[in-house]
Structures are given as structure tokens and as C-alpha cells.
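Asker: Have a peek at query_29.tsv (TSV, C-alpha atoms).
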```tsv
chain	number	residue	atom	x	y	z
A	2	MET	CA	0.00	0.00	0.00
A	3	ASP	CA	1.18	3.50	-0.84
A	4	THR	CA	2.23	5.23	2.35
A	5	ALA	CA	0.33	8.34	1.31
A	6	PHE	CA	-2.88	6.36	1.76
A	7	ALA	CA	-3.36	5.18	5.31
A	8	PRO	CA	-6.77	4.18	6.63
A	9	LEU	CA	-7.88	6.10	9.70
A	10	PRO	CA	-8.24	3.99	12.82
A	11	THR	CA	-11.84	2.85	13.12
A	12	THR	CA	-13.77	2.57	16.34
A	13	ALA	CA	-14.89	-0.97	15.58
A	14	SER	CA	-12.44	-3.65	14.49
A	15	ALA	CA	-13.20	-5.34	11.20
A	16	SER	CA	-14.20	-8.57	12.92
A	17	ASN	CA	-16.94	-7.12	15.08
A	18	ALA	CA	-18.15	-4.36	12.79
A	19	ALA	CA	-21.90	-4.46	13.11
A	20	ALA	CA	-24.67	-2.74	11.20
A	21	SER	CA	-25.06	-0.26	14.03
A	22	THR	CA	-21.52	1.09	13.66
A	23	THR	CA	-20.24	3.08	10.73
A	24	THR	CA	-16.93	2.43	9.06
A	25	GLY	CA	-14.29	5.12	9.35
A	26	SER	CA	-13.05	7.05	6.37
A	27	ILE	CA	-9.97	6.39	4.33
A	28	VAL	CA	-7.56	9.26	3.86
A	29	CYS	CA	-6.48	10.16	0.35
A	30	GLU	CA	-3.46	12.19	-0.55
A	31	PRO	CA	-3.14	11.34	-4.23
A	32	THR	CA	-0.40	12.52	-6.53
A	33	PRO	CA	-1.44	15.30	-8.93
A	34	GLN	CA	-1.94	12.73	-11.72
A	35	GLN	CA	-4.10	10.55	-9.50
A	36	ALA	CA	-6.01	13.65	-8.41
A	37	TYR	CA	-6.59	14.51	-12.06
A	38	LEU	CA	-8.25	11.15	-12.68
A	39	MET	CA	-10.21	11.26	-9.43
A	40	ARG	CA	-11.58	14.66	-10.40
A	41	ILE	CA	-13.06	13.11	-13.54
A	42	ALA	CA	-14.18	9.94	-11.76
A	43	ASP	CA	-15.83	11.89	-8.93
A	44	SER	CA	-17.64	14.19	-11.34
A	45	CYS	CA	-19.03	11.13	-13.14
A	46	LEU	CA	-19.95	9.45	-9.85
A	47	ILE	CA	-21.72	12.40	-8.25
A	48	HIS	CA	-23.46	13.31	-11.50
A	49	ALA	CA	-24.68	9.70	-11.70
A	50	GLN	CA	-26.00	9.94	-8.14
A	51	ARG	CA	-27.97	13.10	-8.98
A	52	LEU	CA	-29.35	11.62	-12.20
A	53	ALA	CA	-30.39	8.47	-10.35
A	54	GLU	CA	-32.51	10.61	-8.03
A	55	TRP	CA	-34.86	11.03	-11.00
A	56	SER	CA	-35.64	7.34	-10.90
A	57	GLY	CA	-39.41	7.21	-10.52
A	58	HIS	CA	-39.77	11.01	-10.82
A	59	ALA	CA	-39.08	11.97	-14.44
A	60	PRO	CA	-41.94	13.54	-16.43
A	61	ILE	CA	-42.49	10.36	-18.45
A	62	LEU	CA	-41.63	6.72	-17.87
A	63	GLU	CA	-39.33	6.50	-20.89
A	64	GLU	CA	-37.28	9.52	-19.78
A	65	ASP	CA	-37.11	7.99	-16.32
A	66	ILE	CA	-35.41	4.96	-17.85
A	67	ALA	CA	-33.25	7.18	-20.06
A	68	LEU	CA	-31.87	9.18	-17.13
A	69	THR	CA	-31.02	6.06	-15.16
A	70	ASN	CA	-29.39	4.57	-18.27
A	71	LEU	CA	-27.18	7.65	-18.47
A	72	ALA	CA	-26.46	7.38	-14.75
A	73	LEU	CA	-25.33	3.79	-15.18
A	74	ASP	CA	-22.98	4.77	-18.03
A	75	LEU	CA	-21.47	7.45	-15.79
A	76	LEU	CA	-21.19	5.03	-12.90
A	77	GLY	CA	-19.32	2.63	-15.18
A	78	GLN	CA	-16.91	5.40	-16.20
A	79	ALA	CA	-16.35	6.35	-12.55
A	80	ARG	CA	-15.75	2.72	-11.62
A	81	ALA	CA	-13.18	2.22	-14.38
A	82	LEU	CA	-11.20	5.31	-13.34
A	83	LEU	CA	-11.44	4.66	-9.60
A	84	THR	CA	-10.34	1.06	-10.10
A	85	HIS	CA	-7.38	2.33	-12.13
A	86	VAL	CA	-6.41	4.90	-9.47
A	87	GLY	CA	-7.11	2.37	-6.73
A	88	ARG	CA	-4.68	-0.12	-8.24
A	89	GLN	CA	-1.90	2.47	-7.79
A	90	THR	CA	-2.92	3.30	-4.25
A	91	GLY	CA	-4.08	0.08	-2.61
A	92	PHE	CA	-7.77	0.92	-2.38
A	93	ASP	CA	-10.61	-0.64	-4.29
A	94	GLU	CA	-13.33	1.25	-6.13
A	95	ASP	CA	-15.85	0.80	-3.29
A	96	GLN	CA	-13.48	2.22	-0.69
A	97	LEU	CA	-12.72	5.20	-2.89
A	98	ALA	CA	-16.37	5.86	-3.67
A	99	PHE	CA	-17.92	5.15	-0.30
A	100	LEU	CA	-15.29	5.68	2.37
A	101	ARG	CA	-13.81	9.01	1.41
A	102	ASP	CA	-14.80	12.17	3.25
A	103	GLU	CA	-16.30	15.18	1.56
A	104	ARG	CA	-13.02	17.11	1.35
A	105	ASP	CA	-11.40	14.21	-0.52
A	106	PHE	CA	-13.96	14.34	-3.32
A	107	ARG	CA	-12.81	16.40	-6.29
A	108	ASN	CA	-15.97	16.63	-8.39
A	109	PHE	CA	-17.09	19.94	-9.82
A	110	THR	CA	-19.58	21.77	-7.63
A	111	LEU	CA	-21.94	21.84	-10.64
A	112	VAL	CA	-22.69	18.12	-10.38
A	113	GLU	CA	-23.49	18.11	-6.65
A	114	LEU	CA	-26.12	20.88	-6.76
A	115	PRO	CA	-29.60	19.53	-6.02
A	116	GLY	CA	-31.36	18.16	-9.06
A	117	ARG	CA	-34.97	17.93	-8.10
A	118	ARG	CA	-35.28	19.35	-4.63
A	119	ALA	CA	-34.65	22.76	-3.11
A	120	GLY	CA	-36.57	24.66	-5.79
A	121	ARG	CA	-34.85	22.89	-8.69
A	122	ASP	CA	-36.79	21.09	-11.38
A	123	PHE	CA	-36.48	19.04	-14.55
A	124	ALA	CA	-35.06	22.06	-16.38
A	125	ASP	CA	-32.06	22.03	-14.02
A	126	ALA	CA	-31.58	18.32	-14.67
A	127	VAL	CA	-31.78	18.76	-18.44
A	128	LEU	CA	-29.46	21.74	-18.50
A	129	ARG	CA	-26.82	20.31	-16.18
A	130	ASN	CA	-26.91	17.02	-18.05
A	131	PHE	CA	-26.32	18.89	-21.29
A	132	LEU	CA	-23.54	21.18	-20.00
A	133	LEU	CA	-21.68	18.33	-18.35
A	134	SER	CA	-22.18	15.76	-21.12
A	135	ALA	CA	-20.74	18.24	-23.61
A	136	TRP	CA	-17.72	18.81	-21.36
A	137	MET	CA	-17.23	15.09	-20.82
A	138	ASN	CA	-17.54	14.38	-24.52
A	139	VAL	CA	-14.79	16.86	-25.35
A	140	LEU	CA	-12.62	15.52	-22.53
A	141	TRP	CA	-13.02	11.82	-23.44
A	142	GLY	CA	-12.20	12.66	-27.04
A	143	LYS	CA	-8.87	14.14	-25.93
A	144	LEU	CA	-8.19	11.40	-23.38
A	145	GLU	CA	-8.24	8.84	-26.18
A	146	GLN	CA	-4.71	10.15	-26.84
A	147	SER	CA	-3.68	9.84	-23.19
A	148	GLY	CA	-0.15	8.62	-22.51
A	149	ASP	CA	-1.69	6.25	-19.95
A	150	ALA	CA	-2.87	3.31	-22.06
A	151	GLU	CA	-5.61	2.29	-19.62
A	152	VAL	CA	-7.02	5.83	-19.48
A	153	ALA	CA	-6.99	5.90	-23.29
A	154	ALA	CA	-8.91	2.60	-23.35
A	155	ILE	CA	-11.48	3.86	-20.81
A	156	ALA	CA	-11.87	7.02	-22.90
A	157	GLY	CA	-12.39	5.00	-26.07
A	158	LYS	CA	-15.42	3.33	-24.53
A	159	ALA	CA	-16.69	6.41	-22.70
A	160	VAL	CA	-16.55	8.71	-25.72
A	161	LYS	CA	-19.26	6.68	-27.46
A	162	GLU	CA	-21.46	6.79	-24.37
A	163	SER	CA	-20.95	10.51	-23.90
A	164	ARG	CA	-21.73	11.23	-27.56
A	165	TYR	CA	-25.17	9.78	-26.94
A	166	HIS	CA	-25.49	11.65	-23.65
A	167	VAL	CA	-24.91	14.92	-25.49
A	168	ALA	CA	-27.44	14.01	-28.18
A	169	HIS	CA	-30.07	13.03	-25.63
A	170	ALA	CA	-29.52	16.05	-23.39
A	171	ALA	CA	-29.21	18.50	-26.31
A	172	ASP	CA	-32.56	17.29	-27.60
A	173	TRP	CA	-34.34	18.36	-24.42
A	174	VAL	CA	-32.83	21.86	-24.18
A	175	PRO	CA	-34.79	23.36	-27.12
A	176	ARG	CA	-37.87	21.31	-26.22
A	177	LEU	CA	-38.03	23.21	-22.93
A	178	GLY	CA	-36.24	26.44	-23.90
A	179	ASP	CA	-38.36	26.87	-27.02
A	180	GLY	CA	-41.43	25.06	-25.69
A	181	SER	CA	-44.25	26.65	-23.72
A	182	GLU	CA	-44.01	29.97	-21.92
A	183	GLU	CA	-43.75	28.05	-18.65
A	184	SER	CA	-40.99	25.69	-19.81
A	185	ALA	CA	-39.02	28.57	-21.33
A	186	ARG	CA	-39.23	30.51	-18.06
A	187	ARG	CA	-38.02	27.51	-16.08
A	188	MET	CA	-35.19	26.90	-18.50
A	189	ARG	CA	-34.02	30.52	-18.22
A	190	GLN	CA	-34.09	30.18	-14.43
A	191	ALA	CA	-32.02	27.00	-14.65
A	192	VAL	CA	-29.46	28.78	-16.85
A	193	ALA	CA	-29.24	31.62	-14.32
A	194	ARG	CA	-28.78	29.13	-11.47
A	195	LEU	CA	-26.27	26.78	-13.10
A	196	TRP	CA	-24.20	28.83	-15.53
A	197	PRO	CA	-21.98	30.49	-12.86
A	198	TYR	CA	-20.77	27.00	-11.90
A	199	THR	CA	-19.45	26.26	-15.40
A	200	GLU	CA	-16.39	28.50	-14.99
A	201	GLU	CA	-14.88	25.83	-12.75
A	202	LEU	CA	-14.87	23.41	-15.69
A	203	PHE	CA	-12.15	25.49	-17.37
A	204	GLU	CA	-9.89	26.65	-14.55
A	205	THR	CA	-6.23	25.77	-14.34
A	206	ASP	CA	-4.41	24.55	-11.26
A	207	ALA	CA	-1.33	22.46	-10.37
A	208	VAL	CA	-3.26	19.25	-11.03
A	209	ASP	CA	-4.05	20.27	-14.63
A	210	THR	CA	-0.50	21.39	-15.26
A	211	ALA	CA	0.97	18.15	-13.91
A	212	ALA	CA	-1.42	16.02	-15.97
A	213	ALA	CA	-0.71	17.96	-19.14
A	214	GLU	CA	3.06	17.84	-18.58
A	215	ALA	CA	2.94	14.08	-17.97
A	216	GLY	CA	0.92	13.55	-21.15
A	217	LEU	CA	-1.92	12.08	-19.06
A	218	GLY	CA	-4.63	14.44	-20.30
A	219	PRO	CA	-5.52	17.99	-21.31
A	220	MET	CA	-5.73	21.04	-19.09
A	221	ARG	CA	-9.36	22.01	-18.45
A	222	ALA	CA	-8.76	25.35	-20.14
A	223	ALA	CA	-8.01	23.50	-23.39
A	224	LEU	CA	-11.60	22.19	-23.49
A	225	ARG	CA	-13.39	25.53	-23.54
A	226	VAL	CA	-13.46	26.24	-27.29
A	227	ASP	CA	-14.80	22.79	-28.25
A	228	TRP	CA	-17.31	22.92	-25.40
A	229	ARG	CA	-18.63	26.30	-26.47
A	230	ALA	CA	-18.94	24.96	-30.03
A	231	ILE	CA	-21.36	22.31	-28.72
A	232	VAL	CA	-23.22	24.52	-26.26
A	233	GLU	CA	-23.79	27.71	-28.26
A	234	PRO	CA	-25.78	26.28	-31.22
A	235	VAL	CA	-28.08	24.39	-28.85
A	236	PHE	CA	-28.65	27.51	-26.75
A	237	ALA	CA	-29.38	29.47	-29.94
A	238	ASP	CA	-31.82	26.77	-31.06
A	239	ALA	CA	-33.51	26.92	-27.65
A	240	GLY	CA	-33.73	30.72	-27.66
A	241	LEU	CA	-31.50	30.90	-24.58
A	242	GLN	CA	-28.87	33.58	-23.98
A	243	VAL	CA	-25.38	32.41	-23.06
A	244	PRO	CA	-24.68	34.47	-19.92
A	245	ALA	CA	-21.55	36.59	-19.65
A	246	ALA	CA	-18.78	35.24	-17.44
A	247	GLY	CA	-19.03	36.40	-13.83
A	248	ALA	CA	-16.51	36.60	-11.03
A	249	PHE	CA	-17.91	33.65	-9.05
A	250	ARG	CA	-15.74	30.52	-8.93
A	251	SER	CA	-16.90	27.27	-7.38
A	252	THR	CA	-14.26	25.09	-5.78
A	253	GLY	CA	-15.47	21.46	-5.70
A	254	SER	CA	-12.53	20.27	-7.78
A	255	ARG	CA	-10.26	21.44	-4.92
A	256	GLY	CA	-12.36	19.55	-2.38
A	257	VAL	CA	-14.23	22.59	-1.06
A	258	HIS	CA	-17.86	21.79	-1.69
A	259	SER	CA	-21.29	23.37	-1.41
A	260	GLU	CA	-23.59	22.71	1.52
A	261	HIS	CA	-25.41	20.08	-0.56
A	262	MET	CA	-22.49	17.68	-0.82
A	263	GLY	CA	-22.63	16.34	2.74
A	264	TYR	CA	-26.26	15.29	2.38
A	265	LEU	CA	-25.53	13.67	-0.97
A	266	LEU	CA	-22.64	11.66	0.46
A	267	ALA	CA	-24.64	10.65	3.52
A	268	GLU	CA	-27.23	9.09	1.27
A	269	MET	CA	-24.74	7.63	-1.21
A	270	GLN	CA	-22.34	6.17	1.36
A	271	THR	CA	-24.58	4.96	4.14
A	272	LEU	CA	-24.90	1.39	2.91
A	273	GLN	CA	-21.16	0.74	2.50
A	274	ARG	CA	-20.36	2.49	5.75
A	275	SER	CA	-22.92	0.40	7.63
A	276	PHE	CA	-22.10	-2.85	5.83
A	277	PRO	CA	-18.48	-2.53	4.66
A	278	GLY	CA	-17.69	-4.74	1.68
A	279	GLY	CA	-21.36	-5.68	1.40
A	280	GLN	CA	-22.23	-7.65	-1.70
A	281	TRP	CA	-25.52	-8.15	-3.50
B	11	MET	CA	-71.44	6.13	-39.28
B	12	THR	CA	-71.55	8.48	-36.29
B	13	ALA	CA	-68.80	8.56	-33.68
B	14	SER	CA	-69.67	6.79	-30.44
B	15	PRO	CA	-69.19	8.56	-27.08
B	16	THR	CA	-66.15	6.32	-26.50
B	17	ASP	CA	-64.58	7.41	-29.80
B	18	LEU	CA	-65.13	11.04	-28.88
B	19	ALA	CA	-63.58	10.52	-25.43
B	20	ASN	CA	-60.59	8.79	-27.02
B	21	ALA	CA	-60.15	11.58	-29.56
B	22	LYS	CA	-60.31	14.16	-26.78
B	23	ALA	CA	-57.70	12.31	-24.70
B	24	GLN	CA	-55.43	11.91	-27.71
B	25	ALA	CA	-55.48	15.64	-28.38
B	26	HIS	CA	-53.60	16.11	-25.08
B	27	GLU	CA	-51.30	13.13	-25.45
B	28	TRP	CA	-48.19	12.48	-27.44
B	29	PRO	CA	-48.83	10.14	-30.37
B	30	LEU	CA	-48.24	6.44	-30.01
B	31	TRP	CA	-45.40	4.76	-31.90
B	32	GLU	CA	-44.79	1.10	-32.66
B	33	VAL	CA	-41.23	-0.08	-32.08
B	34	PHE	CA	-39.45	-2.62	-34.30
B	35	VAL	CA	-36.02	-3.95	-33.35
B	36	ARG	CA	-33.57	-5.82	-35.56
B	37	PRO	CA	-31.71	-8.18	-33.21
B	38	ARG	CA	-28.76	-8.89	-35.54
B	39	ALA	CA	-27.64	-7.99	-39.04
B	40	GLY	CA	-29.41	-10.28	-41.47
B	41	LEU	CA	-32.48	-10.77	-39.30
B	42	ASP	CA	-35.79	-8.97	-39.76
B	43	HIS	CA	-37.01	-6.08	-37.64
B	44	LYS	CA	-39.43	-7.53	-35.14
B	45	HIS	CA	-42.26	-5.72	-33.41
B	46	CYS	CA	-41.51	-5.48	-29.70
B	47	GLY	CA	-43.80	-2.84	-28.23
B	48	SER	CA	-44.92	0.75	-28.34
B	49	LEU	CA	-44.32	4.10	-26.66
B	50	HIS	CA	-45.56	7.68	-26.58
B	51	ALA	CA	-43.31	10.41	-28.00
B	52	ALA	CA	-43.76	13.94	-29.30
B	53	ASP	CA	-41.93	13.50	-32.60
B	54	PRO	CA	-39.74	11.06	-34.60
B	55	LYS	CA	-36.50	12.17	-32.95
B	56	MET	CA	-37.82	11.66	-29.45
B	57	ALA	CA	-39.47	8.38	-30.45
B	58	LEU	CA	-36.15	7.01	-31.69
B	59	GLN	CA	-34.25	8.07	-28.56
B	60	LEU	CA	-36.83	6.72	-26.17
B	61	ALA	CA	-37.09	3.44	-28.09
B	62	ARG	CA	-33.33	3.12	-27.76
B	63	GLU	CA	-33.60	3.67	-24.00
B	64	VAL	CA	-36.54	1.39	-23.39
B	65	TYR	CA	-36.13	-1.44	-25.88
B	66	THR	CA	-32.40	-1.86	-26.57
B	67	ARG	CA	-30.78	-1.35	-23.17
B	68	ARG	CA	-29.84	-5.03	-22.90
B	69	GLN	CA	-28.20	-5.22	-26.32
B	70	GLU	CA	-31.42	-6.41	-27.96
B	71	GLY	CA	-30.71	-4.79	-31.27
B	72	VAL	CA	-28.57	-3.20	-33.95
B	73	SER	CA	-31.30	-1.20	-35.67
B	74	LEU	CA	-34.63	0.44	-34.81
B	75	TRP	CA	-37.73	1.23	-36.84
B	76	LEU	CA	-40.44	3.49	-35.47
B	77	VAL	CA	-43.87	3.76	-37.05
B	78	ARG	CA	-46.70	6.02	-35.95
B	79	SER	CA	-49.40	3.62	-34.74
B	80	ASP	CA	-52.14	5.60	-36.50
B	81	GLN	CA	-50.29	5.09	-39.80
B	82	ILE	CA	-50.61	1.31	-39.64
B	83	VAL	CA	-53.36	-0.23	-41.75
B	84	ALA	CA	-54.59	-3.33	-39.95
B	85	SER	CA	-57.07	-6.08	-40.71
B	86	ASP	CA	-60.20	-6.15	-38.61
B	87	PRO	CA	-60.16	-9.04	-36.11
B	88	ALA	CA	-63.84	-9.58	-36.96
B	89	ASP	CA	-62.80	-10.47	-40.53
B	90	LYS	CA	-60.46	-13.21	-39.33
B	91	ALA	CA	-62.74	-16.07	-40.40
B	92	MET	CA	-63.38	-14.60	-43.83
B	93	LEU	CA	-59.78	-13.67	-44.52
B	94	PHE	CA	-57.81	-16.58	-43.15
B	95	ASP	CA	-59.93	-19.68	-42.58
B	96	PRO	CA	-60.32	-20.54	-46.31
B	97	MET	CA	-56.61	-21.44	-46.39
B	98	GLU	CA	-57.05	-24.18	-43.80
B	99	ASP	CA	-57.62	-27.02	-46.29
B	100	LYS	CA	-55.04	-25.98	-48.90
B	101	VAL	CA	-51.93	-27.71	-47.58
B	102	TYR	CA	-50.78	-28.19	-51.18
B	103	ARG	CA	-49.69	-24.56	-51.12
B	104	HIS	CA	-46.79	-25.54	-48.87
B	105	PRO	CA	-43.87	-26.64	-51.01
B	106	THR	CA	-43.50	-29.83	-48.99
B	107	PHE	CA	-44.35	-32.21	-51.83
B	108	TYR	CA	-41.12	-31.65	-53.71
B	109	GLU	CA	-37.79	-33.41	-53.37
B	110	LEU	CA	-35.21	-30.63	-53.02
B	111	PRO	CA	-31.73	-31.34	-54.39
B	112	PRO	CA	-29.18	-30.96	-51.55
B	113	GLU	CA	-27.34	-28.16	-53.44
B	114	VAL	CA	-30.33	-25.87	-52.89
B	115	GLY	CA	-29.63	-25.77	-49.16
B	116	HIS	CA	-32.13	-24.17	-46.78
B	117	MET	CA	-35.21	-22.63	-48.34
```
If you convert what's in this file into C-alpha cells, what do you get?

Answerer:
Amino acid sequence: MDTAFAPLPTTASASNAAASTTTGSIVCEPTPQQAYLMRIADSCLIHAQRLAEWSGHAPILEEDIALTNLALDLLGQARALLTHVGRQTGFDEDQLAFLRDERDFRNFTLVELPGRRAGRDFADAVLRNFLLSAWMNVLWGKLEQSGDAEVAAIAGKAVKESRYHVAHAADWVPRLGDGSEESARRMRQAVARLWPYTEELFETDAVDTAAAEAGLGPMRAALRVDWRAIVEPVFADAGLQVPAAGAFRSTGSRGVHSEHMGYLLAEMQTLQRSFPGGQW
Amino acid sequence: MTASPTDLANAKAQAHEWPLWEVFVRPRAGLDHKHCGSLHAADPKMALQLAREVYTRRQEGVSLWLVRSDQIVASDPADKAMLFDPMEDKVYRHPTFYELPPEVGHM
């Protein structure tokens, strides 16, 4: 096991861990390259969790199935990357997904924002799905050339999935944005709520620089032009204005999350923390 | 023929509903598209996407056909006897009375 990754002492020993106790967290201090991959994996994972919340709640049954299908694709992508990172660090995908604390998650704040509670609605889900799918699609396309052969292989599979995600999500944006007066109003509100969080998708930090220098993957800033080329025509088609860039910067990718993240993790992690290593 | 109250109620309901589409899936190249169900969708694009989500998520197919249900011309079940029963005693229409040379293979 990498010395940078040491499990915290737990209150209950593994042998007598019972359902009434919760398993302690693992501590992650990944290298910049590992952090780069975890940032992608975590964004997929948390986005999947939010999409899965629509299970049983989407406007129509078929879209309900569609959103959970997308969530399962994203979960698969997260699993592949976490398994890859875990192999270098001595943790398995379940430990990385379910036993890390909030500060050790590196997903973008955008994906953790509530999807269908707290005054959000289907427009938020559609818009976020579109903005993130487009970003992921551009990223996976570039990661196909990653110097890490396994990352390139994961990207080769994921790029096909994300191409469909973009198509599916992009289809809904004009349906709502250019639909009824009510749906257009809700879509504009969703844009106002979510757009400020997109700046984080294109920031540069030490993790990006290290990954780019190592030939692992592109800097986030290098994705902006291609992303805008996907987003702008769909916004135009939907009659939506692309907002001007503001000064606000969210910080999820540095581990500093919104107030919503703790609740999300509590729900997502409770089963593994109560029944560590539990199998179906 | 005047529309029955049920027909009128159906027409009224349909005016507020997305049209119904029949879904045909081709399981493998070389096989025929097979009818596997139906769904509601606003337009062809949505129908295709939702059919993909609902009917091919377990690798059931390599191709999809969608047809608006109201575009299908169907025989009336009440005409079943008239249309199909007369063929019951005409087994000679099956080509089972011929010796096929082996070179022909499967027919």
C-alpha cells in the first residue's frame, strides 16, 4: 500500500463491525496525476448519483429509464477510473467511492447541486446534463490520446457513451427552452442558477498542469473552445442567452464543496459504511 | 357512421397526449425487424431516442424502426374467419411435396 494512503483507525475492528456502527473514512493524498483522474471519476460518480434521483420522478416513464441509463454509463466510467487509481494506491473502487470524506472528493460543484429538490426542477436536470455531457464528450475525445494506455482505453469506450449523452440532453434543451411559456421561463431560471458554476470546468491549477506535462490528459482550459462549439448552437436553437462570465468561482474540484455535498454523500455512502464490503 | 361517445372521449384524450409509436427492433444484421412494443413520443426524434432507452438497453438490437401507430393499416379481427380460414384445407400450397436437391440448401 502507498504510504500516502493510510486508513484512519476505526472505532470498531473489522471482525466485530456491526450494522449499528459506521466504518471510518480512508484518507487520500493522491499525486497530482491521480487527483486529475479522481476529479473526472468523482464528477461522473456524483453526477450519476444526482441523475439516479430522477428514478421514478421523471416527467415520463421513458425519460425515467433514459436518465437512469445515463447514470449507469457514468457510474461505469467512474468505476473504471477509480479502479485504475485504486490499483496504484491500494484501495478498491468501493473504498474510494464510499469511504472518502467530503473534502477528498474532487468533483465539480456543478454536479453536486440539487437536481430535483430545493426549488430545482427538470429544467435544471436537463441543462446540467447537457452542459456536463458536452464537457465530458470533449474531454473523453482528448483522453483517447492519453499517454496512460488504460485511461486511453477507458476514454475509447466512454466517448461513445458521452456522444449519446450529449445528443439526448441537447434534444431536451430546445424542447423546454423553445417550448411553452412556462418551460421557457423555467429553462431561463435554470441557466441563471447553473451557468456560474461552469467556470470551474475550465480553470487551471497544479493538477491540470501536472497532468498535461505528464501527457496524461488535457488542461481544463483547453476544453473551452470545443465545449462552447457544442453549447452555443443548442442555446441558440432553444432561444437561450449564453450568460456573460461572472466573477464567481466554485471550488469542488479542490475539495471545497457546497452545503449540498454532505447530504448527498450521507445518502450515497450509508450502505457501505454500515455494511463494509457488502455484496448483492 | 356516427362517432360513439367512447370514440369522442378517445379523440379528446389523444389531443392532449403524445402520439403512439410502434417499435421494431432488428436483433442482428441479417435478421428482420421484429415488433416489440410501443411508446408515446412527441416527434420522430424523441421516439427514436426513447425506443433506444426502453427497448435496446440489454443489447437487444442493432437497428430500430419506429412507425406512428395511427399510420398502420390493420385487418379487422372480426374479418379473421373470412380472410384466413379458407386457407385451412389448402396444404398443397406448402412446397412440402417436392424433393429438393441438396445443393439448394435451406429454403

Asker: Tell me as a PyMOL selection string which residues belonging to chain B come within 7 Å of chain A, counting all atoms listed in the file.

Answerer: chain B and resi 60+63-64

Asker: With C-alpha atoms retained, export the selected residues as a PDB file, in the coordinates of the input.

Answerer:
```pdb
ATOM      1  CA  LEU B  60     -36.830   6.720 -26.170  1.00  0.00           C
ATOM      2  CA  GLU B  63     -33.600   3.670 -24.000  1.00  0.00           C
ATOM      3  CA  VAL B  64     -36.540   1.390 -23.390  1.00  0.00           C
TER       4      VAL B  64
END
```

Asker: What's around region 188-198 of chain A at 12 Å? Count only C-alpha atoms, leave out sequence neighbours fewer than 4 positions away in its own chain, and write the answer as an MDAnalysis selection string.

Answerer: chainID A and resid 108:117 120:133 173:184 202:204 232 236 239:254 258:259

Asker: Convert the current residue selection to file output with C-alpha atoms, as a short mmCIF file (atom, residue, chain, number, x, y, z; two decimals), in the frame of the given file.

Answerer:
```
data_model
loop_
_atom_site.label_atom_id
_atom_site.label_comp_id
_atom_site.auth_asym_id
_atom_site.auth_seq_id
_atom_site.Cartn_x
_atom_site.Cartn_y
_atom_site.Cartn_z
CA ASN A 108 -15.97 16.63 -8.39
CA PHE A 109 -17.09 19.94 -9.82
CA THR A 110 -19.58 21.77 -7.63
CA LEU A 111 -21.94 21.84 -10.64
CA VAL A 112 -22.69 18.12 -10.38
CA GLU A 113 -23.49 18.11 -6.65
CA LEU A 114 -26.12 20.88 -6.76
CA PRO A 115 -29.60 19.53 -6.02
CA GLY A 116 -31.36 18.16 -9.06
CA ARG A 117 -34.97 17.93 -8.10
CA GLY A 120 -36.57 24.66 -5.79
CA ARG A 121 -34.85 22.89 -8.69
CA ASP A 122 -36.79 21.09 -11.38
CA PHE A 123 -36.48 19.04 -14.55
CA ALA A 124 -35.06 22.06 -16.38
CA ASP A 125 -32.06 22.03 -14.02
CA ALA A 126 -31.58 18.32 -14.67
CA VAL A 127 -31.78 18.76 -18.44
CA LEU A 128 -29.46 21.74 -18.50
CA ARG A 129 -26.82 20.31 -16.18
CA ASN A 130 -26.91 17.02 -18.05
CA PHE A 131 -26.32 18.89 -21.29
CA LEU A 132 -23.54 21.18 -20.00
CA LEU A 133 -21.68 18.33 -18.35
CA TRP A 173 -34.34 18.36 -24.42
CA VAL A 174 -32.83 21.86 -24.18
CA PRO A 175 -34.79 23.36 -27.12
CA ARG A 176 -37.87 21.31 -26.22
CA LEU A 177 -38.03 23.21 -22.93
CA GLY A 178 -36.24 26.44 -23.90
CA ASP A 179 -38.36 26.87 -27.02
CA GLY A 180 -41.43 25.06 -25.69
CA SER A 181 -44.25 26.65 -23.72
CA GLU A 182 -44.01 29.97 -21.92
CA GLU A 183 -43.75 28.05 -18.65
CA SER A 184 -40.99 25.69 -19.81
CA LEU A 202 -14.87 23.41 -15.69
CA PHE A 203 -12.15 25.49 -17.37
CA GLU A 204 -9.89 26.65 -14.55
CA VAL A 232 -23.22 24.52 -26.26
CA PHE A 236 -28.65 27.51 -26.75
CA ALA A 239 -33.51 26.92 -27.65
CA GLY A 240 -33.73 30.72 -27.66
CA LEU A 241 -31.50 30.90 -24.58
CA GLN A 242 -28.87 33.58 -23.98
CA VAL A 243 -25.38 32.41 -23.06
CA PRO A 244 -24.68 34.47 -19.92
CA ALA A 245 -21.55 36.59 -19.65
CA ALA A 246 -18.78 35.24 -17.44
CA GLY A 247 -19.03 36.40 -13.83
CA ALA A 248 -16.51 36.60 -11.03
CA PHE A 249 -17.91 33.65 -9.05
CA ARG A 250 -15.74 30.52 -8.93
CA SER A 251 -16.90 27.27 -7.38
CA THR A 252 -14.26 25.09 -5.78
CA GLY A 253 -15.47 21.46 -5.70
CA SER A 254 -12.53 20.27 -7.78
CA HIS A 258 -17.86 21.79 -1.69
CA SER A 259 -21.29 23.37 -1.41
#
```

Asker: Could you work out how far CA of Lys55 (chain B) lies from CA of Val160 (chain A), giving the answer in Å with one decimal?

Answerer: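 Distance reported for this atom pair: 21.5 Å.
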
Asker: Rounded to one decimal in Å, what is the spacing between CA of Ala159 (chain A) and CA of Gln78 (chain A)?

Answerer: 6.6 Å

Asker: How many Å lie between CA of Ser73 (chain B) and CA of Val33 (chain B), rounded to one decimal?

Answerer: 10.6 Å

Asker: Near Ala267 (chain A), within 10 Å and counting all atoms listed in the file, which residues show up once chain neighbours fewer than 4 positions away are dropped, as a ChimeraX atom specification?

Answerer: /A:99,102-103,262-263,271-272,274

Asker: May I ask which of the residues B:Leu93, B:Ala88, B:Val35, B:Ala57 is the closest one to Leu74 (chain B), counting all atoms listed in the file?

Answerer: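 Under the stated criterion, the closest residue is B:Val35.
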
Asker: Return the single residue from A:Arg51, A:Arg107, A:Arg186, A:Arg229 that is closest to Val208 (chain A), with distances computed using all atoms listed in the file.

Answerer: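 Closest to Val208 (chain A) of all the choices is A:Arg107.
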